[in-house]
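Asks: Okay, here's the structure, questions in a sec.
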Amino acid sequence: MLSYLARRVTLSITVVLVVVAAMFVMMHAVPGDAVRTALGPRASEVMVEAYRFKMGLDQPVIVQISRYFGAIMRGDLGNDAISGQPVLQIILSQLPDTLYLIAGAMLVAVLPGIYLGVTSATHRGGVFDRITSVLSVSVMAVPSFVIAIYLLLFFAIRLGWFPAIGAGETFAEKMHRLVLPSIALGLAWIGYLARILRASMLEVMAENHVRTARAFGISRNRIMYDYVLRIAILPTITVLGMGVGQMISGAVFAEIVFGRPGIGKLVYDAIANRNYPIVTGTVLLTTVFFVMVNLIADLLIAALDPRVRNVISR
Amino acid sequence: MSSAVETTSRPSRRKQPRSALARLVSDPMGAFGLALIVFTVVAALLADLAPFAPAKINPVDRFSVPSALHWLGTDNLGRDLFSRVLHGARIALAISIGATLLSLVVGLLLGVVAGFGPRWLDSLLLLVMDAMKSVPTVMLALLLITYTGPSLWAVVLVVVLVNGPGYARITRTQVLALRNAEFIEAERALGARFFRIVAFHIMPNILGPLLIMAAMDIPVVVGIEAGLSFLGMGVRPPTPSWGTILFDGFSYIRDSIWMVVAGGLPIVITALGFTFLGEALRDTFDPKLAQR
């Protein structure tokens, strides 16, 4: 188990280092002069040279890349091109709003997803199963930003049940304003979870220990919840881990549509202002966050599932 | 005797394998998906017959509701939404199908290189693919477009980077499973060259799953194109894209609902069409899944 942990952590760190290297290459390989692009067409030659010197772009590439890695290891993601504040500080100030949104979306997805998945598996081939299957596929297919705009149109603008923009000040306001964006972001995941759980339950239901439990006369509900769901739910942890990455993507749209603060809105505004340090910093931090969530999900599976644990220990 | 032959022959006639299309259409989900796709393709083909030029501005007719003249109403500049949606279908289909096929080709090549190449190259490619999978899609797209600038080609590049690794992984797995198979060894012993083995023996074994995967990826690509255009980082105005129509609708959502309807509904129809078709394709042609 310890060697698995070491292997997974090493792989995660390597992946992040590759992403950092790719970002460095991208910044230097794009056609045209990145400094002129950053400063705009009206920048004078003196301004361009000063910026080049300030950012260390006048140094050899090997010096630049070692400085780049060194700075990132120290948690220095550079300074905001407009306010001059440290990028890390700005991103961390916006992160909680995005995390609330992702947590809200998880909440929207998990309970209905589990209910639909379990009920579909126990009523396999029936009307409920068929309807759930079509609905799951449908909500998964429609992009979250389209759902967000239609929710905004009907529930905020037409019916006036929810405020159209902002994140709110008090706790009650924050919760109220979190409802629509969370639904927009979480709806597709009801479908994903229901499908994964259904497939996983059907697999476990065909296993010998379930047949034995049935032969012992244990009640159907107890078998479903104590013998089947306990094992079948494990793959959903991996799916939710992967889902965080997609939710970060979806959060960009949800934050723009509902005018909420957060890292999605931050990076969108940064692109409009050509604020490159914010863009690269946000991409890097969301990648680290995503890699960490996946690592935790994998370790959790290894800790919870004795079968996985045995395979790893062998 | 003849009646006995008749009675036994009937069921066996029924069991005869039908054409791929007939099997696909017999699945209600597949038939519905195909109908939605045909509807979108016909809309794209008929774009030249649209009643108005997609970029024709008419300030007098701003925000008009659907009428006999403007079937879906007009936008904030008085442009005919129906004409813009028809032209947008061309962009959506061209990018989603074109970029998906390009991702498939790139993934296929990378997968063959990883599967047949030396171990260090295989490990390096896997690591790069893992790294790319670790960057959230929209963040990767925004980062790329920040440096390349918004354009149709930037969207294609994003799609290839996001979807290519998936095809590469499947190809690699299949190549690793097949490269030491007896029939490949026999071909090699007969003096077959690398390209012959790949083209005639590896490809037929992997193309089917890859095409099913491609069909399931198309709705994702429709979403990526529309999403990036919605953010102003995809197709540039005045070229009509469903994403830009939706963004204009979002900007003027309090003035008219028709722009949001005109921009969003085609995205929903196309995404559902390709998703239903992809699901039906997988259920029909993947025997392992069909048994479930």
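All residue names refer to the structure tokens as shown: chains lettered A, B, ... in order, residues numbered from 1 in each chain, ligands numbered from 1 in order.
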Output the contact residues of chain A with respect to chain B at a cut-off of 8 Å, based on only C-alpha atoms, as a PDB file with C-alpha atoms, in the first residue's frame.

Replies:
```pdb
ATOM      1  CA  VAL A  15       2.141  15.132 -14.369  1.00  0.00           C
ATOM      2  CA  VAL A  16       2.079  18.605 -12.802  1.00  0.00           C
ATOM      3  CA  VAL A  18       4.927  18.163 -17.396  1.00  0.00           C
ATOM      4  CA  VAL A  19       2.026  20.636 -17.410  1.00  0.00           C
ATOM      5  CA  MET A  26       3.606  27.369 -25.009  1.00  0.00           C
ATOM      6  CA  MET A  27       4.472  30.832 -23.709  1.00  0.00           C
ATOM      7  CA  VAL A  30       3.616  30.827 -29.937  1.00  0.00           C
ATOM      8  CA  PRO A  31       4.108  32.808 -33.120  1.00  0.00           C
ATOM      9  CA  ALA A  34       4.477  37.574 -26.525  1.00  0.00           C
ATOM     10  CA  VAL A 137     -28.253  10.434 -21.630  1.00  0.00           C
ATOM     11  CA  SER A 138     -30.192  13.618 -22.415  1.00  0.00           C
ATOM     12  CA  ALA A 141     -25.575  15.571 -23.741  1.00  0.00           C
ATOM     13  CA  VAL A 142     -26.723  19.162 -23.239  1.00  0.00           C
ATOM     14  CA  PRO A 143     -23.845  21.570 -22.428  1.00  0.00           C
ATOM     15  CA  PHE A 145     -23.955  26.695 -20.265  1.00  0.00           C
ATOM     16  CA  VAL A 146     -27.122  26.127 -22.330  1.00  0.00           C
ATOM     17  CA  ILE A 149     -28.995  30.267 -19.649  1.00  0.00           C
ATOM     18  CA  TYR A 150     -32.399  28.568 -19.807  1.00  0.00           C
ATOM     19  CA  LEU A 153     -34.333  32.871 -18.330  1.00  0.00           C
ATOM     20  CA  ILE A 157     -36.010  36.544 -15.256  1.00  0.00           C
ATOM     21  CA  GLY A 245     -12.213  18.687 -13.609  1.00  0.00           C
ATOM     22  CA  GLN A 246     -15.304  19.034 -15.758  1.00  0.00           C
ATOM     23  CA  ILE A 248     -14.162  23.498 -13.005  1.00  0.00           C
ATOM     24  CA  SER A 249     -14.725  23.886 -16.762  1.00  0.00           C
ATOM     25  CA  GLY A 250     -18.469  24.235 -16.279  1.00  0.00           C
ATOM     26  CA  VAL A 252     -16.381  29.179 -15.941  1.00  0.00           C
ATOM     27  CA  VAL A 257     -23.946  33.515 -16.866  1.00  0.00           C
ATOM     28  CA  ILE A 271      -8.108  37.139 -20.998  1.00  0.00           C
ATOM     29  CA  ARG A 274      -4.487  40.366 -21.623  1.00  0.00           C
ATOM     30  CA  TYR A 276      -1.328  36.588 -18.828  1.00  0.00           C
ATOM     31  CA  VAL A 279      -4.425  33.119 -16.908  1.00  0.00           C
ATOM     32  CA  THR A 280      -1.372  30.846 -16.547  1.00  0.00           C
ATOM     33  CA  VAL A 283      -4.693  27.115 -15.236  1.00  0.00           C
ATOM     34  CA  THR A 286      -6.825  24.330 -11.243  1.00  0.00           C
ATOM     35  CA  THR A 287      -4.646  21.570 -12.716  1.00  0.00           C
ATOM     36  CA  PHE A 290      -7.740  18.461 -10.217  1.00  0.00           C
ATOM     37  CA  VAL A 291      -4.689  16.163  -9.940  1.00  0.00           C
TER      38      VAL A 291
END
```

Asks: Near Arg236 of chain B, within 8 Å and counting only C-alpha atoms, which residues show up once chain neighbours fewer than 3 positions away are dropped, as a ChimeraX atom specification?

Replies: /B:150-152,229,232-233,239

Asks: What separation in Å, quoted to one decimal, exists between atom CA of Val106 of chain B and atom CA of Val235 of chain B?

Replies: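 Interatomic distance, atom CA of Val106 of chain B to atom CA of Val235 of chain B: 22.7 Å.
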
Asks: Based on DSSP run over this structure's backbone, return all residues of segment 22-86 of chain A in helix (DSSP H, G or I), as a CSV table (one decimal) with C-alpha atoms, in the first residue's frame.

Replies:
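Result file selection-v2.csv:
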```csv
chain,number,residue,atom,x,y,z
A,22,ALA,CA,4.2,22.5,-21.5
A,23,MET,CA,3.0,26.0,-20.3
A,24,PHE,CA,6.5,27.3,-20.5
A,25,VAL,CA,7.0,26.0,-24.0
A,26,MET,CA,3.6,27.4,-25.0
A,27,MET,CA,4.5,30.8,-23.7
A,28,HIS,CA,7.7,30.8,-25.7
A,29,ALA,CA,6.7,28.9,-28.8
A,34,ALA,CA,4.5,37.6,-26.5
A,35,VAL,CA,5.6,40.9,-25.0
A,36,ARG,CA,4.1,43.0,-27.8
A,37,THR,CA,0.9,40.9,-27.6
A,38,ALA,CA,0.8,41.5,-23.8
A,39,LEU,CA,1.4,45.2,-24.0
A,45,GLU,CA,10.1,50.2,-27.8
A,46,VAL,CA,11.2,51.4,-24.4
A,47,MET,CA,8.2,49.9,-22.7
A,48,VAL,CA,8.7,46.6,-24.5
A,49,GLU,CA,12.4,46.4,-23.4
A,50,ALA,CA,11.5,47.4,-19.8
A,51,TYR,CA,8.8,44.7,-19.7
A,52,ARG,CA,11.2,42.1,-21.2
A,53,PHE,CA,13.8,43.0,-18.6
A,54,LYS,CA,11.2,42.9,-15.7
A,61,VAL,CA,16.0,30.1,-22.3
A,62,ILE,CA,17.7,27.7,-19.8
A,63,VAL,CA,17.9,30.5,-17.2
A,64,GLN,CA,14.3,31.4,-17.8
A,65,ILE,CA,13.0,27.8,-17.4
A,66,SER,CA,15.0,27.2,-14.2
A,67,ARG,CA,13.7,30.5,-12.8
A,68,TYR,CA,10.2,29.6,-13.9
A,69,PHE,CA,10.3,26.2,-12.1
A,70,GLY,CA,12.0,27.6,-9.1
A,71,ALA,CA,9.4,30.3,-8.7
A,72,ILE,CA,6.5,27.9,-9.0
A,73,MET,CA,8.1,25.6,-6.4
```

Asks: Please provide the set of residues having any atom within 12 Å of Ser67 of chain B, restricted to only C-alpha atoms, with same-chain residues fewer than 4 positions apart removed, written as a ChimeraX atom specification.

Replies: /B:61,63,71-74,80-82,258

Asks: Export C-alpha atoms of the chosen residues as an mmCIF file, in the first residue's frame?

Replies:
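Everything below was put into result-v3.cif:
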```
data_model
loop_
_atom_site.group_PDB
_atom_site.id
_atom_site.type_symbol
_atom_site.label_atom_id
_atom_site.label_comp_id
_atom_site.auth_asym_id
_atom_site.auth_seq_id
_atom_site.Cartn_x
_atom_site.Cartn_y
_atom_site.Cartn_z
ATOM 1 C CA ASP B 61 -36.578 45.306 -37.134
ATOM 2 C CA PHE B 63 -35.908 42.131 -31.394
ATOM 3 C CA TRP B 71 -39.524 32.528 -38.556
ATOM 4 C CA LEU B 72 -37.427 32.748 -35.387
ATOM 5 C CA GLY B 73 -37.570 36.524 -34.951
ATOM 6 C CA THR B 74 -34.621 38.903 -35.228
ATOM 7 C CA ASP B 80 -32.881 37.216 -39.228
ATOM 8 C CA LEU B 81 -32.324 34.497 -36.608
ATOM 9 C CA PHE B 82 -33.615 31.634 -38.763
ATOM 10 C CA TRP B 258 -36.015 34.449 -29.076
#
```

Asks: Residues near segment 166-183 of chain B, anyone? I mean within 12 Å using only C-alpha atoms, not counting same-chain ones fewer than 6 positions away, as a count of residues only.

Replies: 56

Asks: Would you compute the distance between atom CA of Leu116 of chain A and atom CA of Val228 of chain A? Give it in Å to one decimal.

Replies: 15.0 Å

Asks: Just the number, please: distance in Å from atom CA of Ala89 of chain B to atom CA of Phe154 of chain A, one decimal.

Replies: 25.6 Å
